[in-house]
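final-v8.tsv (TSV, C-alpha atoms and all ligand atoms) appears below.
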chain	number	residue	atom	x	y	z
F	1	MET	CA	26.98	-3.53	12.00
F	2	THR	CA	25.28	-1.65	9.19
F	3	ASP	CA	22.11	-0.04	10.49
F	4	LEU	CA	19.43	-1.26	8.12
F	5	PHE	CA	17.43	1.84	8.98
F	6	SER	CA	19.98	4.28	7.52
F	7	LYS	CA	18.16	4.20	4.17
F	8	PHE	CA	15.27	6.01	5.87
F	9	ASP	CA	17.44	8.94	7.02
F	10	PRO	CA	16.39	11.36	4.23
F	11	LEU	CA	12.71	10.74	5.04
F	12	ILE	CA	13.30	11.08	8.80
F	13	GLN	CA	15.13	14.37	8.15
F	14	GLN	CA	12.35	15.71	5.88
F	15	ARG	CA	9.72	14.79	8.48
F	16	GLU	CA	11.65	16.41	11.32
F	17	THR	CA	12.11	19.60	9.30
F	18	LEU	CA	8.39	19.75	8.56
F	19	LEU	CA	7.31	19.11	12.17
F	20	ALA	CA	9.88	21.68	13.42
F	21	THR	CA	7.77	24.37	11.73
F	22	GLY	CA	5.14	23.58	14.40
F	23	VAL	CA	2.62	22.13	11.94
F	24	THR	CA	0.40	19.25	13.19
F	25	ASP	CA	1.55	15.83	11.96
F	26	PRO	CA	-0.78	15.18	9.00
F	27	TYR	CA	-0.22	11.42	9.20
F	28	ASN	CA	-1.15	10.94	12.84
F	29	LEU	CA	-4.74	12.12	13.08
F	30	VAL	CA	-7.11	10.25	15.39
F	31	MET	CA	-10.85	10.06	14.73
F	32	GLU	CA	-12.08	10.23	18.32
F	33	LYS	CA	-15.66	9.51	17.35
F	34	VAL	CA	-17.28	8.87	13.97
F	35	VAL	CA	-20.78	10.33	13.93
F	36	SER	CA	-21.85	9.51	10.36
F	37	PRO	CA	-20.25	8.88	6.93
F	38	THR	CA	-19.58	12.62	6.67
F	39	VAL	CA	-18.89	13.82	10.23
F	40	ALA	CA	-16.35	12.83	12.92
F	41	ILE	CA	-14.90	14.32	16.08
F	42	CYS	CA	-11.19	15.12	15.64
F	43	ASN	CA	-9.16	16.98	18.30
F	44	GLY	CA	-12.44	17.45	20.18
F	45	ARG	CA	-13.95	19.34	17.20
F	46	GLU	CA	-16.83	18.36	14.94
F	47	THR	CA	-15.21	17.85	11.55
F	48	ILE	CA	-16.67	17.32	8.07
F	49	LEU	CA	-15.02	14.31	6.44
F	50	LEU	CA	-13.84	15.05	2.92
F	51	GLY	CA	-10.96	12.62	2.80
F	52	THR	CA	-12.48	9.17	3.16
F	53	TYR	CA	-13.22	6.69	0.38
F	54	ASN	CA	-16.72	6.26	1.69
F	55	TYR	CA	-18.12	7.37	-1.68
F	56	MET	CA	-21.59	5.88	-1.26
F	57	GLY	CA	-21.82	6.42	2.50
F	58	MET	CA	-22.46	2.73	3.23
F	59	THR	CA	-20.53	2.56	6.53
F	60	PHE	CA	-23.60	3.55	8.55
F	61	ASP	CA	-26.28	1.97	6.38
F	62	GLU	CA	-28.67	0.31	8.83
F	63	ASP	CA	-29.14	-2.90	6.80
F	64	VAL	CA	-25.38	-3.24	6.43
F	65	ILE	CA	-24.83	-2.83	10.17
F	66	ALA	CA	-27.66	-5.25	11.02
F	67	ALA	CA	-26.17	-7.91	8.69
F	68	GLY	CA	-22.76	-7.53	10.36
F	69	LYS	CA	-24.20	-7.85	13.87
F	70	ASP	CA	-26.23	-10.89	12.92
F	71	ALA	CA	-23.21	-12.65	11.39
F	72	LEU	CA	-21.11	-11.81	14.44
F	73	ASP	CA	-23.74	-13.47	16.66
F	74	LYS	CA	-24.23	-16.51	14.45
F	75	PHE	CA	-20.72	-17.20	13.15
F	76	GLY	CA	-18.36	-15.60	15.68
F	77	ALA	CA	-15.63	-12.98	15.42
F	78	GLY	CA	-13.30	-14.61	12.89
F	79	THR	CA	-12.66	-17.67	10.75
F	80	THR	CA	-9.11	-18.36	11.99
F	81	GLY	CA	-8.22	-19.94	8.69
F	82	SER	CA	-7.49	-19.77	4.98
F	83	ARG	CA	-10.21	-19.77	2.34
F	84	VAL	CA	-8.93	-23.14	1.09
F	85	LEU	CA	-9.09	-24.83	4.50
F	86	ASN	CA	-11.54	-23.88	7.26
F	87	GLY	CA	-12.00	-20.22	6.24
F	88	THR	CA	-14.80	-20.40	3.68
F	89	TYR	CA	-18.13	-19.80	5.41
F	90	GLN	CA	-21.53	-19.47	3.83
F	91	GLY	CA	-21.04	-15.67	4.02
F	92	HIS	CA	-17.94	-15.74	1.79
F	93	LYS	CA	-19.90	-17.65	-0.84
F	94	GLU	CA	-22.84	-15.21	-0.53
F	95	CYS	CA	-20.46	-12.32	-0.97
F	96	GLU	CA	-19.04	-13.89	-4.14
F	97	GLU	CA	-22.60	-14.51	-5.42
F	98	ALA	CA	-23.43	-10.83	-4.80
F	99	LEU	CA	-20.33	-9.77	-6.76
F	100	LYS	CA	-21.16	-12.08	-9.69
F	101	GLU	CA	-24.62	-10.54	-9.85
F	102	PHE	CA	-23.34	-7.00	-9.43
F	103	TYR	CA	-20.93	-7.35	-12.39
F	104	ALA	CA	-22.98	-9.96	-14.31
F	105	MET	CA	-19.85	-12.13	-14.52
F	106	ASP	CA	-19.26	-15.87	-14.12
F	107	HIS	CA	-16.62	-15.89	-11.38
F	108	ALA	CA	-15.78	-13.91	-8.26
F	109	MET	CA	-12.99	-14.41	-5.77
F	110	VAL	CA	-12.91	-12.50	-2.47
F	111	PHE	CA	-9.56	-11.56	-0.91
F	112	SER	CA	-8.81	-10.10	2.52
F	113	THR	CA	-7.95	-6.67	1.01
F	114	GLY	CA	-7.87	-4.97	-2.38
F	115	TYR	CA	-4.11	-4.77	-2.02
F	116	GLN	CA	-3.97	-8.57	-1.81
F	117	ALA	CA	-6.34	-8.92	-4.78
F	118	ASN	CA	-3.91	-7.03	-7.03
F	119	LEU	CA	-0.90	-8.69	-5.46
F	120	GLY	CA	-2.43	-12.13	-5.89
F	121	ILE	CA	-4.02	-11.94	-9.32
F	122	ILE	CA	-1.18	-10.09	-11.06
F	123	SER	CA	1.61	-12.19	-9.53
F	124	THR	CA	-0.19	-15.45	-10.26
F	125	ILE	CA	-1.16	-14.87	-13.87
F	126	ALA	CA	1.92	-12.91	-15.01
F	127	GLY	CA	5.12	-14.75	-14.12
F	128	LYS	CA	8.73	-14.85	-15.25
F	129	GLY	CA	8.99	-14.26	-19.00
F	130	ASP	CA	5.56	-12.59	-19.20
F	131	TYR	CA	5.06	-8.85	-19.60
F	132	VAL	CA	2.91	-6.53	-17.50
F	133	ILE	CA	2.24	-3.29	-19.33
F	134	LEU	CA	1.05	-0.64	-16.90
F	135	ASP	CA	0.33	3.05	-16.53
F	136	ILE	CA	3.27	4.70	-14.79
F	137	ASP	CA	0.90	6.16	-12.15
F	138	SER	CA	-0.42	2.74	-11.12
F	139	HIS	CA	-1.24	1.99	-7.48
F	140	ALA	CA	1.47	0.46	-5.27
F	141	SER	CA	-0.43	-2.85	-5.06
F	142	ILE	CA	-0.15	-3.20	-8.87
F	143	TYR	CA	3.61	-2.61	-8.84
F	144	ASP	CA	3.98	-5.01	-5.89
F	145	GLY	CA	2.00	-7.67	-7.78
F	146	CYS	CA	4.41	-7.33	-10.71
F	147	ALA	CA	7.45	-7.57	-8.42
F	148	MET	CA	6.07	-10.64	-6.67
F	149	GLY	CA	5.35	-12.45	-9.94
F	150	ASN	CA	8.71	-11.52	-11.45
F	151	ALA	CA	7.17	-10.43	-14.75
F	152	GLU	CA	8.86	-7.82	-16.95
F	153	ILE	CA	7.33	-4.42	-16.17
F	154	VAL	CA	6.73	-2.09	-19.12
F	155	ALA	CA	5.41	1.29	-17.96
F	156	PHE	CA	3.81	3.86	-20.25
F	157	ARG	CA	3.00	7.55	-19.78
F	158	HIS	CA	-0.11	8.22	-17.73
F	159	ASN	CA	-3.34	7.77	-19.71
F	160	ASP	CA	-1.43	7.94	-23.04
F	161	VAL	CA	-3.03	5.54	-25.56
F	162	GLU	CA	-0.30	6.06	-28.18
F	163	ALA	CA	2.45	5.32	-25.66
F	164	LEU	CA	0.65	2.11	-24.66
F	165	GLU	CA	0.29	1.07	-28.29
F	166	LYS	CA	3.98	1.76	-29.01
F	167	ARG	CA	5.12	-0.29	-26.01
F	168	LEU	CA	2.86	-3.18	-27.01
F	169	LYS	CA	4.18	-3.20	-30.58
F	170	ARG	CA	7.75	-3.57	-29.34
F	171	LEU	CA	7.03	-6.77	-27.39
F	172	PRO	CA	7.50	-10.26	-28.84
F	173	ALA	CA	4.25	-11.37	-30.51
F	174	GLU	CA	4.21	-14.76	-28.79
F	175	ALA	CA	4.94	-13.47	-25.24
F	176	GLY	CA	2.28	-13.51	-22.51
F	177	LYS	CA	1.04	-9.95	-21.97
F	178	LEU	CA	-1.17	-8.42	-19.29
F	179	VAL	CA	-2.20	-4.78	-19.59
F	180	VAL	CA	-3.11	-3.33	-16.19
F	181	LEU	CA	-5.23	-0.18	-16.04
F	182	GLU	CA	-7.24	1.71	-13.44
F	183	GLY	CA	-10.70	3.16	-14.06
F	184	VAL	CA	-10.13	6.23	-11.89
F	185	TYR	CA	-6.62	7.25	-10.85
F	186	SER	CA	-6.94	8.15	-7.21
F	187	MET	CA	-4.38	10.90	-6.89
F	188	LEU	CA	-5.83	13.36	-9.43
F	189	GLY	CA	-9.26	11.75	-9.73
F	190	ASP	CA	-8.95	11.45	-13.52
F	191	VAL	CA	-10.54	8.72	-15.61
F	192	ALA	CA	-8.66	6.44	-18.04
F	193	PRO	CA	-9.55	6.29	-21.77
F	194	LEU	CA	-10.31	2.60	-21.30
F	195	LYS	CA	-12.16	2.16	-24.57
F	196	GLU	CA	-9.14	3.06	-26.72
F	197	MET	CA	-6.66	1.41	-24.37
F	198	ILE	CA	-8.52	-1.87	-24.34
F	199	ARG	CA	-8.85	-1.78	-28.14
F	200	VAL	CA	-5.07	-1.44	-28.69
F	201	SER	CA	-4.38	-4.03	-25.99
F	202	LYS	CA	-6.65	-6.60	-27.59
F	203	GLU	CA	-5.18	-5.90	-31.05
F	204	ALA	CA	-1.77	-6.76	-29.58
F	205	GLY	CA	-3.09	-10.02	-28.12
F	206	ALA	CA	-2.87	-8.89	-24.48
F	207	MET	CA	-5.19	-9.76	-21.61
F	208	VAL	CA	-6.60	-6.77	-19.73
F	209	LEU	CA	-7.05	-6.20	-16.01
F	210	VAL	CA	-8.85	-3.06	-14.79
F	211	ASP	CA	-8.71	-1.93	-11.17
F	212	GLU	CA	-12.03	-0.19	-10.51
F	213	ALA	CA	-11.31	0.55	-6.81
F	214	HIS	CA	-12.39	4.21	-7.07
F	215	SER	CA	-15.27	3.83	-9.50
F	216	MET	CA	-17.23	0.81	-8.25
F	217	GLY	CA	-20.65	1.78	-6.94
F	218	PHE	CA	-20.53	5.25	-8.46
F	219	ILE	CA	-19.49	5.31	-12.13
F	220	GLY	CA	-21.47	3.50	-14.86
F	221	GLU	CA	-25.19	2.86	-15.17
F	222	HIS	CA	-25.10	0.00	-12.64
F	223	GLY	CA	-22.10	1.31	-10.73
F	224	ARG	CA	-19.80	-1.30	-12.30
F	225	GLY	CA	-17.14	1.30	-13.05
F	226	VAL	CA	-15.45	3.16	-15.87
F	227	ALA	CA	-15.34	0.09	-18.17
F	228	GLU	CA	-19.14	-0.07	-17.93
F	229	ALA	CA	-19.50	3.68	-18.50
F	230	GLN	CA	-17.36	3.44	-21.65
F	231	GLY	CA	-19.19	0.31	-22.90
F	232	VAL	CA	-16.18	-2.04	-22.77
F	233	LEU	CA	-16.76	-4.17	-19.68
F	234	ASP	CA	-17.22	-7.29	-21.85
F	235	ASP	CA	-13.68	-6.86	-23.19
F	236	VAL	CA	-12.08	-6.74	-19.74
F	237	ASP	CA	-10.59	-10.07	-18.64
F	238	PHE	CA	-10.29	-9.27	-14.93
F	239	VAL	CA	-11.89	-6.54	-12.81
F	240	ILE	CA	-10.21	-5.87	-9.47
F	241	GLY	CA	-12.00	-4.03	-6.71
F	242	THR	CA	-12.11	-3.35	-3.02
F	243	PHE	CA	-14.69	-3.28	-0.24
F	244	SER	CA	-12.80	-0.45	1.48
F	245	LYS	CA	-14.28	2.33	-0.64
F	246	SER	CA	-17.89	2.44	-1.94
F	247	VAL	CA	-18.77	-0.86	-0.25
F	248	GLY	CA	-17.84	0.72	3.10
F	249	THR	CA	-16.05	-2.16	4.86
F	250	VAL	CA	-12.81	-4.02	4.11
F	251	GLY	CA	-11.79	-6.71	1.62
F	252	GLY	CA	-10.89	-7.10	-2.05
F	253	PHE	CA	-12.04	-9.07	-5.06
F	254	CYS	CA	-11.52	-10.11	-8.63
F	255	VAL	CA	-14.38	-10.91	-11.05
F	256	SER	CA	-13.90	-12.53	-14.42
F	257	ASN	CA	-15.49	-14.60	-17.19
F	258	HIS	CA	-12.31	-16.58	-17.85
F	259	PRO	CA	-13.32	-20.27	-18.07
F	260	LYS	CA	-10.29	-21.45	-16.04
F	261	PHE	CA	-10.61	-18.74	-13.37
F	262	GLU	CA	-11.43	-21.07	-10.46
F	263	ILE	CA	-7.96	-22.69	-10.54
F	264	LEU	CA	-6.63	-19.44	-9.06
F	265	ARG	CA	-8.08	-20.46	-5.70
F	266	LEU	CA	-5.39	-23.15	-5.47
F	267	VAL	CA	-2.39	-21.30	-6.87
F	268	CYS	CA	-2.76	-17.68	-5.77
F	269	ARG	CA	-0.54	-17.25	-2.70
F	270	PRO	CA	-2.11	-14.06	-1.23
F	271	TYR	CA	-5.45	-15.94	-1.32
F	272	VAL	CA	-4.22	-19.27	0.05
F	273	PHE	CA	-1.67	-18.23	2.67
F	274	THR	CA	-3.70	-15.77	4.74
F	275	ALA	CA	-6.79	-15.87	6.93
F	276	SER	CA	-10.13	-15.16	5.30
F	277	LEU	CA	-12.29	-12.15	6.17
F	278	PRO	CA	-14.37	-12.32	9.39
F	279	PRO	CA	-18.02	-13.41	8.92
F	280	SER	CA	-19.30	-9.97	9.98
F	281	VAL	CA	-17.20	-8.30	7.28
F	282	VAL	CA	-18.39	-10.51	4.41
F	283	ALA	CA	-21.98	-10.10	5.62
F	284	THR	CA	-21.67	-6.28	5.60
F	285	ALA	CA	-19.98	-6.43	2.18
F	286	ALA	CA	-22.63	-8.68	0.60
F	287	THR	CA	-25.47	-6.53	1.93
F	288	SER	CA	-23.79	-3.34	0.79
F	289	ILE	CA	-23.05	-4.70	-2.71
F	290	ARG	CA	-26.69	-5.76	-3.15
F	291	LYS	CA	-27.87	-2.31	-2.05
F	292	LEU	CA	-25.41	-0.60	-4.42
F	293	MET	CA	-27.16	-2.37	-7.33
F	294	HIS	CA	-30.07	-0.01	-6.67
F	295	GLY	CA	-28.05	3.11	-5.86
F	296	SER	CA	-28.85	5.28	-8.89
F	297	ASN	CA	-30.33	8.15	-6.83
F	298	LYS	CA	-27.28	8.25	-4.63
F	299	ARG	CA	-25.02	8.14	-7.68
F	300	ALA	CA	-26.83	11.14	-9.18
F	301	HIS	CA	-26.46	13.13	-5.95
F	302	LEU	CA	-22.76	12.28	-5.73
F	303	TRP	CA	-22.24	13.61	-9.26
F	304	GLU	CA	-24.01	16.83	-8.21
F	305	ASN	CA	-21.70	17.14	-5.20
F	306	SER	CA	-18.63	16.54	-7.34
F	307	LYS	CA	-19.64	19.21	-9.89
F	308	LEU	CA	-20.53	21.72	-7.17
F	309	LEU	CA	-17.25	21.32	-5.30
F	310	HIS	CA	-15.13	21.35	-8.46
F	311	LYS	CA	-16.70	24.56	-9.74
F	312	GLY	CA	-16.65	26.21	-6.30
F	313	LEU	CA	-12.95	25.49	-5.72
F	314	ARG	CA	-12.00	26.62	-9.21
F	315	ASP	CA	-13.99	29.85	-8.81
F	316	LEU	CA	-12.15	30.50	-5.54
F	317	GLY	CA	-8.87	30.35	-7.48
F	318	PHE	CA	-7.49	26.95	-6.45
F	319	THR	CA	-5.54	24.88	-8.99
F	320	LEU	CA	-7.23	21.52	-9.50
F	321	GLY	CA	-6.00	18.16	-10.80
F	322	THR	CA	-8.60	17.97	-13.60
F	323	ASP	CA	-10.27	20.63	-15.78
F	324	GLU	CA	-13.66	19.00	-15.25
F	325	PRO	CA	-14.93	16.79	-12.43
F	326	GLN	CA	-14.39	13.20	-13.62
F	327	SER	CA	-15.01	11.21	-10.43
F	328	ALA	CA	-15.73	11.66	-6.71
F	329	ILE	CA	-12.11	12.75	-6.15
F	330	ILE	CA	-11.11	16.39	-6.57
F	331	ALA	CA	-7.44	17.10	-6.08
F	332	VAL	CA	-6.28	20.58	-5.07
F	333	ILE	CA	-2.66	21.14	-6.10
F	334	MET	CA	-0.45	22.78	-3.46
F	335	PRO	CA	2.72	24.76	-4.23
F	336	ASP	CA	4.90	22.51	-2.01
F	337	LEU	CA	4.79	20.10	0.93
F	338	GLU	CA	5.24	22.79	3.57
F	339	GLN	CA	2.39	24.97	2.33
F	340	GLY	CA	0.31	21.85	1.70
F	341	ALA	CA	0.76	20.77	5.33
F	342	MET	CA	-0.08	24.30	6.54
F	343	MET	CA	-3.23	24.38	4.44
F	344	TRP	CA	-4.19	20.88	5.62
F	345	GLU	CA	-3.81	22.03	9.24
F	346	ALA	CA	-5.75	25.26	8.62
F	347	LEU	CA	-8.62	23.24	7.13
F	348	LEU	CA	-8.61	20.90	10.12
F	349	GLU	CA	-8.82	23.93	12.42
F	350	GLU	CA	-11.80	25.06	10.35
F	351	GLY	CA	-13.38	21.62	10.95
F	352	LEU	CA	-12.65	19.98	7.60
F	353	TYR	CA	-10.63	16.83	7.02
F	354	VAL	CA	-9.00	16.20	3.61
F	355	ASN	CA	-6.12	13.89	2.63
F	356	LEU	CA	-2.66	15.36	2.31
F	357	ALA	CA	-0.94	13.35	-0.42
F	358	ARG	CA	2.73	13.65	-1.28
F	359	PRO	CA	5.40	11.83	-3.29
F	360	PRO	CA	6.02	8.96	-3.89
F	361	ALA	CA	2.22	8.35	-3.83
F	362	THR	CA	1.58	11.39	-6.07
F	363	PRO	CA	2.60	11.86	-9.73
F	364	ALA	CA	5.25	14.39	-10.81
F	365	GLY	CA	6.34	15.17	-7.23
F	366	MET	CA	3.08	16.98	-6.48
F	367	THR	CA	1.67	17.80	-3.05
F	368	LEU	CA	-2.10	17.45	-3.14
F	369	LEU	CA	-5.05	18.08	-0.88
F	370	ARG	CA	-7.27	15.28	-2.02
F	371	CYS	CA	-10.98	15.78	-1.50
F	372	SER	CA	-13.21	12.75	-1.85
F	373	LEU	CA	-16.92	13.32	-1.81
F	374	CYS	CA	-19.61	11.11	-0.37
F	375	ALA	CA	-23.18	10.61	-1.61
F	376	GLU	CA	-24.24	11.47	1.96
F	377	HIS	CA	-22.72	14.97	1.85
F	378	THR	CA	-25.64	17.39	1.70
F	379	THR	CA	-25.63	20.38	-0.65
F	380	GLU	CA	-25.36	22.57	2.49
F	381	GLN	CA	-22.27	20.66	3.61
F	382	VAL	CA	-20.63	21.25	0.22
F	383	GLY	CA	-21.34	24.97	0.71
F	384	GLU	CA	-19.75	24.78	4.19
F	385	ILE	CA	-16.72	22.98	2.72
F	386	LEU	CA	-16.21	25.77	0.17
F	387	GLY	CA	-16.44	28.43	2.90
F	388	ARG	CA	-13.81	26.60	4.94
F	389	PHE	CA	-11.50	26.28	1.90
F	390	GLU	CA	-11.88	30.00	1.23
F	391	ARG	CA	-11.02	31.04	4.80
F	392	ALA	CA	-8.08	28.61	5.12
F	393	GLY	CA	-6.77	29.40	1.62
F	394	LYS	CA	-6.71	33.15	2.32
F	395	ARG	CA	-5.13	32.67	5.76
F	396	ILE	CA	-2.28	30.54	4.35
F	397	GLY	CA	-1.97	32.67	1.21
F	398	ILE	CA	-2.75	29.94	-1.32
F	399	ILE	CA	-5.50	32.13	-2.84
F	400	GLY	CA	-5.76	35.92	-2.92
F	501	LIG	C1	-6.37	1.71	-7.17
F	501	LIG	C2	-6.32	0.95	-5.89
F	501	LIG	N1	-6.23	-0.38	-5.91
F	501	LIG	C3	-6.20	-1.10	-4.78
F	501	LIG	C4	-6.24	-0.50	-3.54
F	501	LIG	C5	-6.16	-1.34	-2.30
F	501	LIG	O1	-7.38	-1.46	-1.66
F	501	LIG	P1	-7.53	-1.93	-0.15
F	501	LIG	O2	-7.67	-0.72	0.70
F	501	LIG	O3	-8.75	-2.78	-0.12
F	501	LIG	O4	-6.30	-2.74	0.20
F	501	LIG	C6	-6.34	0.88	-3.46
F	501	LIG	C7	-6.39	1.53	-2.13
F	501	LIG	O5	-6.23	2.67	-1.92
F	501	LIG	C8	-6.38	1.63	-4.66
F	501	LIG	O6	-6.45	2.96	-4.62
Translate the structure of the given file into structure tokens.
Ligand SMILES: Cc1ncc(COP(=O)(O)O)c(C=O)c1O
Amino acid sequence: MTDLFSKFDPLIQQRETLLATGVTDPYNLVMEKVVSPTVAICNGRETILLGTYNYMGMTFDEDVIAAGKDALDKFGAGTTGSRVLNGTYQGHKECEEALKEFYAMDHAMVFSTGYQANLGIISTIAGKGDYVILDIDSHASIYDGCAMGNAEIVAFRHNDVEALEKRLKRLPAEAGKLVVLEGVYSMLGDVAPLKEMIRVSKEAGAMVLVDEAHSMGFIGEHGRGVAEAQGVLDDVDFVIGTFSKSVGTVGGFCVSNHPKFEILRLVCRPYVFTASLPPSVVATAATSIRKLMHGSNKRAHLWENSKLLHKGLRDLGFTLGTDEPQSAIIAVIMPDLEQGAMMWEALLEEGLYVNLARPPATPAGMTLLRCSLCAEHTTEQVGEILGRFERAGKRIGIIG
């Protein structure tokens, strides 16, 4: 018998080598208690959270929680069915109405996760013989959507408009083409030049899908994302998003003005062949989305936090993923996985949680300590965070 697990041996070996150094397993942390959007108890210690995607701090919003409790009481714990059978409740429709209003678009389709939204939309609209042209650093759910649909994948260099244009020009004029972009790339926290990319895509006759997972709620005047901030939202054919970040719960969606959009509800397998979100989840999502429409003060504070942390870390001598803060994500580049894990552990001992990110999730084989800020972090907390980075960085020898 061939052991089907033998392909994992290199990873098992790398993991064992890392853990043999005595470092805490960075992928096995338990949040024993969550006190607020920015504080949890980990290993019995009060810890500032700087590695969640809770950008707008909606997880503990009292209206959001009340809506969830009410739906749980009135509609029960789950739908036990697909959206196309018994799994569409009033709450799912209200959630889609909230999304249509939030984006000022004609259609909205809610999925059980953002991963399934990308998987479903990409695989359904781009099939065999079609081309998906994507940034090489695209999220796994985008690549998996391409694989599921069997489209030809054409990757271009990260955020390189010229490379995108060249790839598009080489494709047959009559072929179906979908360009897939992200507003904010979550590993380095950098923003895509959507305006130019969408222009060259449209000139080549391609449809455009933008995943705004890490920008919804925060970037753009109404929090609609990078396409809104760059004035090109009207040229985007499909916006993909998630409820697991700024919205503060779980779920995914696609919004669009395409006149035939609704047919997707019958042909999109990751929408049809899975159970719909529980009533409490869609109720929390709808309430959160409606509140995010009026979140400009919170957005302004989050920008302040992002600028403060970026400058503070750079002044301390850390190497960062972007020259300027471009989003709520600030990536600190580590020399290698071992030192990254040591620094991650030292920060945890200081009472600070960040994400340790490593290949294949990261570009160019980088090990990153990914910091994601929340609109609920106070200015004092950002000061605390910098102090903890300084002490841990000096102890591990990452900074002098
Ligand atoms: C760019 C991007 N798209 C989609 C997703 C998937 O979202 P979800 O957590 O809702 O499955 C993520 C999650 O990290 C993401 O970063």
Please define a box with edges along x, y and z of the file around all atoms of ligand LIG 501 (chain F) given in the file, extend it by 5 Å on each side, and return its centre and edge lengths in Å to one decimal, as AutoDock Vina command-line options.
--center_x -7.5 --center_y 0.1 --center_z -3.2 --size_x 12.6 --size_y 15.7 --size_z 17.9
Item to check | Shell of 12 Å around F:Glu174, all atoms listed in the file, local chain residues under 3 positions omitted, as a PyMOL selection string | outcome: chain F and resi 129-131+168-171+177+204-206
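Using all atoms listed in the file, the nearest neighbour of ligand LIG 501 (chain F) within the list F:Glu62, F:Glu345, F:Asp106, F:Asp190 is F:Asp190.
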Checklist entry - ligand LIG 501 (chain F): which residues are within 7 Å, counting all atoms listed in the file, as a list in words? => result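 The residues near ligand LIG 501 (chain F) are Thr113, Gly114, Tyr115, Gln116, Asn118, His139, Ser141, Glu182, Tyr185, Ser186, Asp211, Glu212, Ala213, His214, Gly241, Thr242, Phe243, Ser244, Val250, Gly251 and Gly252 of chain F.
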Next on the checklist: Could you check the closest approach to F:Ser296 for each of F:Gly57, F:Gly87, F:Gly223, F:Gly76 and tell me which residue wins, using all atoms listed in the file?
Outcome noted: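 Of all the options, F:Gly223 lies closest to F:Ser296.
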Item to check | Surrounding residues of F:Ile333 excluding itself and chain neighbours under 3 positions, 7 Å, only C-alpha atoms, as an NGL selection string | outcome: :F and (319-321 or 367-369)
Item to check | Distance criterion (only C-alpha atoms): nearest to F:Gly44 out of F:Leu266, F:Val272, F:Ala151, F:Val30 | outcome: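 Smallest distance to F:Gly44 is found for F:Val30.
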Checklist entry - Taking into account all atoms listed in the file, which residue in the set F:Leu373, F:Pro279, F:Val161, F:Gly340 is nearest to F:Glu304? => result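 That would be F:Leu373, the residue with the smallest distance to F:Glu304.
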What's the 7 Å shell around F:Ala67, counting only C-alpha atoms, without same-chain residues fewer than 2 positions away, as a compact mmCIF listing (two decimals) with C-alpha atoms, in the coordinates of the input?
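Output (part.txt):
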# COMPACT_ATOMS: atom_id res chain seq x y z
CA ASP F 63 -29.14 -2.90 6.80
CA VAL F 64 -25.38 -3.24 6.43
CA ILE F 65 -24.83 -2.83 10.17
CA LYS F 69 -24.20 -7.85 13.87
CA ASP F 70 -26.23 -10.89 12.92
CA ALA F 71 -23.21 -12.65 11.39
CA ALA F 283 -21.98 -10.10 5.62
CA THR F 284 -21.67 -6.28 5.60
CA THR F 287 -25.47 -6.53 1.93
Checklist entry - Could you name the residues that touch F:Ile329 at 9 Å or less, counting all atoms listed in the file, but leaving out those on the same chain fewer than 2 positions away, as a list in words? => result Tyr53, Val184, Ser186, Met187, Leu188, Gly189, Asp190, His214, Ser306, Pro325, Gln326, Ser327, Ala331, Arg370, Cys371, Ser372 and Leu373 of chain F
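Comparing F:Val84, F:Ala66, F:Asp235, F:Asp3 by their smallest distance to F:Ala275, the closest is F:Val84 (using all atoms listed in the file).
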Next on the checklist: Under the rule that all atoms listed in the file are counted, which of F:Asn355, F:Thr124, F:Thr38, F:Thr59 is the nearest residue to F:Arg265?
Outcome noted: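 Of F:Asn355, F:Thr124, F:Thr38, F:Thr59, the one nearest F:Arg265 is F:Thr124, counting all atoms listed in the file.
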Since the input lacks some atoms of stretch 170-178 of chain F, please model N, CA and C atoms and print them as a CSV table (one decimal), in the coordinates of the input.
chain,number,residue,atom,x,y,z
F,170,ARG,N,6.3,-3.2,-29.5
F,170,ARG,CA,7.8,-3.6,-29.3
F,170,ARG,C,7.9,-4.9,-28.7
F,171,LEU,N,6.9,-5.5,-28.1
F,171,LEU,CA,7.0,-6.8,-27.4
F,171,LEU,C,6.9,-8.0,-28.3
F,172,PRO,N,7.6,-9.1,-28.0
F,172,PRO,CA,7.5,-10.3,-28.8
F,172,PRO,C,6.0,-10.7,-29.0
F,173,ALA,N,5.7,-11.0,-30.2
F,173,ALA,CA,4.2,-11.4,-30.5
F,173,ALA,C,3.8,-12.6,-29.7
F,174,GLU,N,4.7,-13.5,-29.5
F,174,GLU,CA,4.2,-14.8,-28.8
F,174,GLU,C,4.2,-14.7,-27.3
F,175,ALA,N,4.8,-13.6,-26.7
F,175,ALA,CA,4.9,-13.5,-25.2
F,175,ALA,C,3.6,-13.3,-24.6
F,176,GLY,N,3.5,-13.8,-23.3
F,176,GLY,CA,2.3,-13.5,-22.5
F,176,GLY,C,2.2,-12.0,-22.1
F,177,LYS,N,1.1,-11.4,-22.3
F,177,LYS,CA,1.0,-10.0,-22.0
F,177,LYS,C,-0.2,-9.6,-21.2
F,178,LEU,N,0.0,-8.9,-20.1
F,178,LEU,CA,-1.2,-8.4,-19.3
F,178,LEU,C,-1.1,-6.9,-19.2
